[in-house]
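Note: the block below is model.cif and it holds mmCIF, C-alpha atoms.
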data_final
#
loop_
_atom_site.label_atom_id
_atom_site.label_comp_id
_atom_site.auth_asym_id
_atom_site.auth_seq_id
_atom_site.Cartn_x
_atom_site.Cartn_y
_atom_site.Cartn_z
CA MET E 235 -37.84 43.48 10.54
CA LEU E 236 -35.11 42.72 13.07
CA CYS E 237 -36.45 39.19 13.48
CA ASN E 238 -36.18 38.53 9.73
CA VAL E 239 -32.52 39.69 9.60
CA ARG E 240 -31.62 37.58 12.60
CA ASP E 241 -33.33 34.50 11.13
CA THR E 242 -31.55 35.06 7.81
CA LEU E 243 -28.17 35.33 9.56
CA ILE E 244 -28.86 32.12 11.50
CA VAL E 245 -29.71 30.26 8.27
CA ILE E 246 -26.59 31.62 6.52
CA ALA E 247 -24.43 30.67 9.51
CA ALA E 248 -25.91 27.14 9.49
CA PHE E 249 -25.10 26.77 5.78
CA LEU E 250 -21.54 28.02 6.37
CA VAL E 251 -21.04 25.52 9.20
CA CYS E 252 -22.35 22.68 7.01
CA ALA E 253 -20.07 23.73 4.13
CA ALA E 254 -17.05 23.86 6.49
CA MET E 255 -17.86 20.40 7.85
CA LEU E 256 -18.18 19.03 4.31
CA TRP E 257 -14.83 20.56 3.35
CA LEU E 258 -13.18 19.10 6.47
CA SER E 259 -14.62 15.65 5.74
CA TYR E 260 -12.74 15.61 2.42
CA ARG E 261 -9.53 16.89 4.02
CA ILE E 262 -9.33 14.29 6.79
CA GLU E 263 -7.39 11.18 5.80
CA PRO E 264 -8.26 8.03 7.72
CA SER E 265 -5.27 6.19 9.12
CA TRP E 266 -5.08 3.04 11.21
CA ALA E 267 -2.69 0.09 11.42
CA SER E 268 -2.68 -3.07 13.50
CA LYS E 269 0.10 -3.64 16.01
CA ASP E 270 2.16 -5.65 13.52
CA GLY E 271 1.30 -3.30 10.63
CA HIS E 272 -0.03 -6.07 8.38
CA ARG E 273 -3.62 -4.77 8.42
CA PHE E 274 -4.26 -1.10 7.79
CA LEU E 275 -6.64 1.63 6.72
CA CYS E 276 -5.33 4.40 4.49
CA VAL E 277 -6.19 6.45 1.45
CA GLY E 278 -5.26 5.46 -2.06
CA GLN E 279 -5.60 6.78 -5.56
CA GLU E 280 -5.66 4.94 -8.85
CA ILE E 281 -3.15 6.24 -11.35
CA GLN E 282 -2.93 6.01 -15.11
CA ALA E 283 -0.87 3.25 -16.66
CA ARG E 284 1.88 5.59 -17.85
CA GLY E 285 3.25 8.07 -15.34
CA LEU E 286 1.88 9.11 -11.99
CA ALA E 287 -1.12 11.09 -13.27
CA PRO E 288 -4.16 10.44 -11.08
CA ALA E 289 -7.16 8.64 -12.57
CA GLY E 290 -9.54 9.61 -9.78
CA ARG E 291 -9.72 11.11 -6.34
CA MET E 292 -8.26 9.74 -3.09
CA LYS E 293 -10.44 7.03 -1.55
CA GLU E 294 -10.41 5.15 1.72
CA MET E 295 -8.88 1.69 1.32
CA ARG E 296 -8.46 -1.23 3.70
CA GLY E 297 -5.52 -3.52 3.18
CA SER E 298 -3.77 -6.57 4.54
CA ILE E 299 -0.31 -7.92 3.79
CA HIS E 300 -0.13 -11.70 3.38
CA PRO E 301 2.96 -13.73 4.41
CA ASP E 302 3.91 -14.25 0.75
CA GLY E 303 4.17 -10.47 0.22
CA ILE E 304 0.89 -10.03 -1.66
CA LEU E 305 -1.21 -7.04 -0.58
CA SER E 306 -5.02 -7.41 -0.60
CA LEU E 307 -7.05 -4.21 -0.85
CA LEU E 308 -10.72 -3.71 -0.19
CA ASN E 309 -11.90 -0.66 -2.11
CA ARG E 310 -15.46 0.58 -1.80
CA LYS E 311 -17.06 1.68 -5.06
CA GLY E 312 -20.43 2.99 -4.02
CA VAL E 313 -22.31 0.08 -2.49
CA ARG E 314 -20.02 -2.51 -4.10
CA ARG E 315 -16.76 -3.63 -2.58
CA ASP E 316 -13.84 -4.47 -4.84
CA HIS E 317 -11.28 -6.95 -3.49
CA THR E 318 -8.01 -7.00 -5.46
CA ASP E 319 -4.54 -8.46 -4.86
CA TYR E 320 -1.47 -6.32 -5.54
CA HIS E 321 2.31 -6.56 -5.71
CA ILE E 322 4.16 -3.90 -3.72
CA ILE E 323 6.44 -2.05 -6.16
CA GLY E 324 8.12 0.48 -3.87
CA PRO E 325 7.97 3.90 -2.26
CA VAL E 326 7.06 7.02 -4.23
CA SER E 327 9.41 9.94 -3.77
CA THR E 328 6.84 12.68 -4.42
CA ALA E 329 4.88 12.47 -1.16
CA PRO E 330 3.48 15.51 0.66
CA ALA E 331 5.14 16.62 3.90
CA GLY E 332 4.45 14.24 6.77
CA LYS E 333 3.20 11.48 4.46
CA ARG E 334 4.70 8.38 2.84
CA GLN E 335 3.40 6.89 -0.41
CA PHE E 336 3.83 3.43 -1.94
CA LEU E 337 3.14 2.26 -5.48
CA ILE E 338 1.35 -1.06 -5.88
CA ARG E 339 0.49 -2.98 -9.07
CA PRO E 340 -2.37 -5.50 -9.51
CA VAL E 341 -1.45 -9.18 -9.67
CA ASP E 342 -4.07 -9.67 -12.39
CA ARG E 343 -3.19 -7.01 -14.97
CA GLY E 344 -6.61 -6.82 -16.63
CA PRO E 345 -7.54 -3.92 -18.91
CA ASP E 346 -9.59 -2.23 -16.18
CA ARG E 347 -6.96 -2.65 -13.44
CA LEU E 348 -4.84 0.40 -12.69
CA ASP E 349 -1.85 0.91 -10.44
CA VAL E 350 -2.60 2.45 -7.05
CA VAL E 351 -0.65 4.86 -4.84
CA LEU E 352 -1.28 4.32 -1.12
CA ARG E 353 -0.70 7.24 1.25
CA PHE E 354 0.18 6.76 4.92
CA ARG E 355 0.95 9.27 7.63
CA GLU E 356 4.60 9.35 8.69
CA GLY E 357 5.23 6.97 11.59
CA SER E 358 2.50 4.47 10.67
CA ARG E 359 3.27 0.86 11.60
CA ALA E 360 2.14 -0.20 8.13
CA ILE E 361 5.15 1.62 6.61
CA ALA E 362 7.56 -0.71 8.42
CA ALA E 363 5.61 -3.77 7.25
CA LEU E 364 5.58 -2.56 3.62
CA GLU E 365 9.30 -1.76 3.72
CA ALA E 366 10.01 -5.24 5.14
CA VAL E 367 8.16 -6.83 2.21
CA ILE E 368 10.10 -4.65 -0.25
CA ALA E 369 13.39 -5.63 1.44
CA ARG E 370 12.47 -9.35 1.19
CA GLN E 371 11.63 -8.92 -2.49
CA HIS E 372 14.95 -7.19 -3.18
CA ALA E 373 16.85 -9.86 -1.22
CA ALA E 374 15.13 -12.62 -3.18
CA ALA E 375 15.84 -10.88 -6.48
CA SER E 376 19.53 -10.38 -5.63
CA GLU E 377 20.12 -14.04 -4.70
CA PRO E 378 21.70 -16.02 -7.53
CA SER E 379 19.19 -18.48 -8.94
CA GLY E 380 21.61 -21.42 -8.82
CA ALA E 381 23.06 -20.76 -5.36
CA THR E 382 21.77 -24.03 -3.92
CA THR E 383 23.08 -26.20 -6.76
CA ALA E 384 26.42 -24.50 -7.29
CA ALA E 385 29.47 -26.75 -6.89
CA PRO E 386 32.02 -25.83 -4.23
CA PRO E 387 35.37 -24.66 -5.59
CA GLY E 388 37.51 -27.63 -6.57
CA GLY E 389 34.74 -30.19 -6.16
CA ASP E 390 31.69 -31.64 -7.88
CA ALA E 391 28.19 -30.78 -6.70
CA THR E 392 27.28 -34.48 -6.57
CA ASP E 393 30.27 -35.49 -4.40
CA PRO E 394 29.56 -35.60 -0.67
CA ALA E 395 31.44 -33.12 1.41
CA PRO E 396 34.19 -34.42 3.73
CA GLY E 397 32.78 -35.33 7.11
CA ASP E 398 29.32 -36.27 5.75
CA ALA E 399 27.89 -39.59 6.82
CA ALA E 400 27.83 -40.82 3.22
CA SER E 401 31.59 -40.22 2.78
CA GLU E 402 32.57 -42.10 5.95
CA THR E 403 30.96 -45.41 4.94
#

For the structure just supplied, provide its representation as structure tokens.
Amino acid sequence: MLCNVRDTLIVIAAFLVCAAMLWLSYRIEPSWASKDGHRFLCVGQEIQARGLAPAGRMKEMRGSIHPDGILSLLNRKGVRRDHTDYHIIGPVSTAPAGKRQFLIRPVDRGPDRLDVVLRFREGSRAIAALEAVIARQHAAASEPSGATTAAPPGGDATDPAPGDAASET
């Protein structure tokens, strides 16, 4: 009789340990970034087109930031791998404590493409790289479009400036 109770307790304890390990595996968020922060591993979640309502659960995503500011994500969907390019929109203000989130939007806005929220741990090198891309985008958007062709005050844009080689001949 005592042997049966002990065996039952051992089986129950084994099931409890397995359940705790399964719960912990869903709680752990993978996080890695290269030294320059342009390649990273994080978790991301697709969100509905209107608002920040989630359209699924958090999934592991691998990303890389290209020099032109485009973000490429590799998202595993079962056995398949989905490679998509995204524009970085900006940070999301509703991040949990100790985390930073960024909203990204697909370059190809097909009907099955949703926006994604990427979550990083605070202090990740990828955060600095993403913020640098956002700063470059804002700087490019704030530059006047005709800044290079604008005429200097009191002169014509086609006239050479004093001291140029063309004006001294």

TODO: Please tell me which residues are no farther than 12 Å from (-7.7, 11.1, 7.9) in the file, counting all atoms listed in the file, and write them as a ChimeraX atom specification.
DONE: /E:258-266,275-278,292-295,333,353-355

Open item on the list: For the provided coordinates, the residues matched by the PyMOL selection byres ((chain E and resi 296-311) around 10) should be stated as a VMD selection string.
Closed with: chain E and resid 265 to 268 271 to 278 293 to 295 312 to 322 338 to 341 352 360 363 to 364 366 to 368 370 to 371

Task: Two-atom distance - CA of Ala375 (chain E), CA of Gly324 (chain E) (Å) - done: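 Separating CA of Ala375 (chain E) from CA of Gly324 (chain E) is a distance of 14.0 Å.
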
Open item on the list: Using Å and a single decimal, report how far CA of Cys252 (chain E) sits from CA of Arg291 (chain E).
Closed with: 21.7 Å

Open item on the list: As an exercise, work out the distance from CA of Ala369 (chain E) to CA of Asp342 (chain E) in Å and give it to one decimal place.
Closed with: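 Interatomic distance, CA of Ala369 (chain E) to CA of Asp342 (chain E): 22.6 Å.
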
Would you give the centre and edge lengths, in Å to one decimal, of a box along x, y and z around the listed atoms of region 326-331 of chain E, with 3 Å added to each side, as JSON?
{"center_x": 6.4, "center_y": 11.8, "center_z": -0.3, "size_x": 11.9, "size_y": 15.6, "size_z": 14.3}
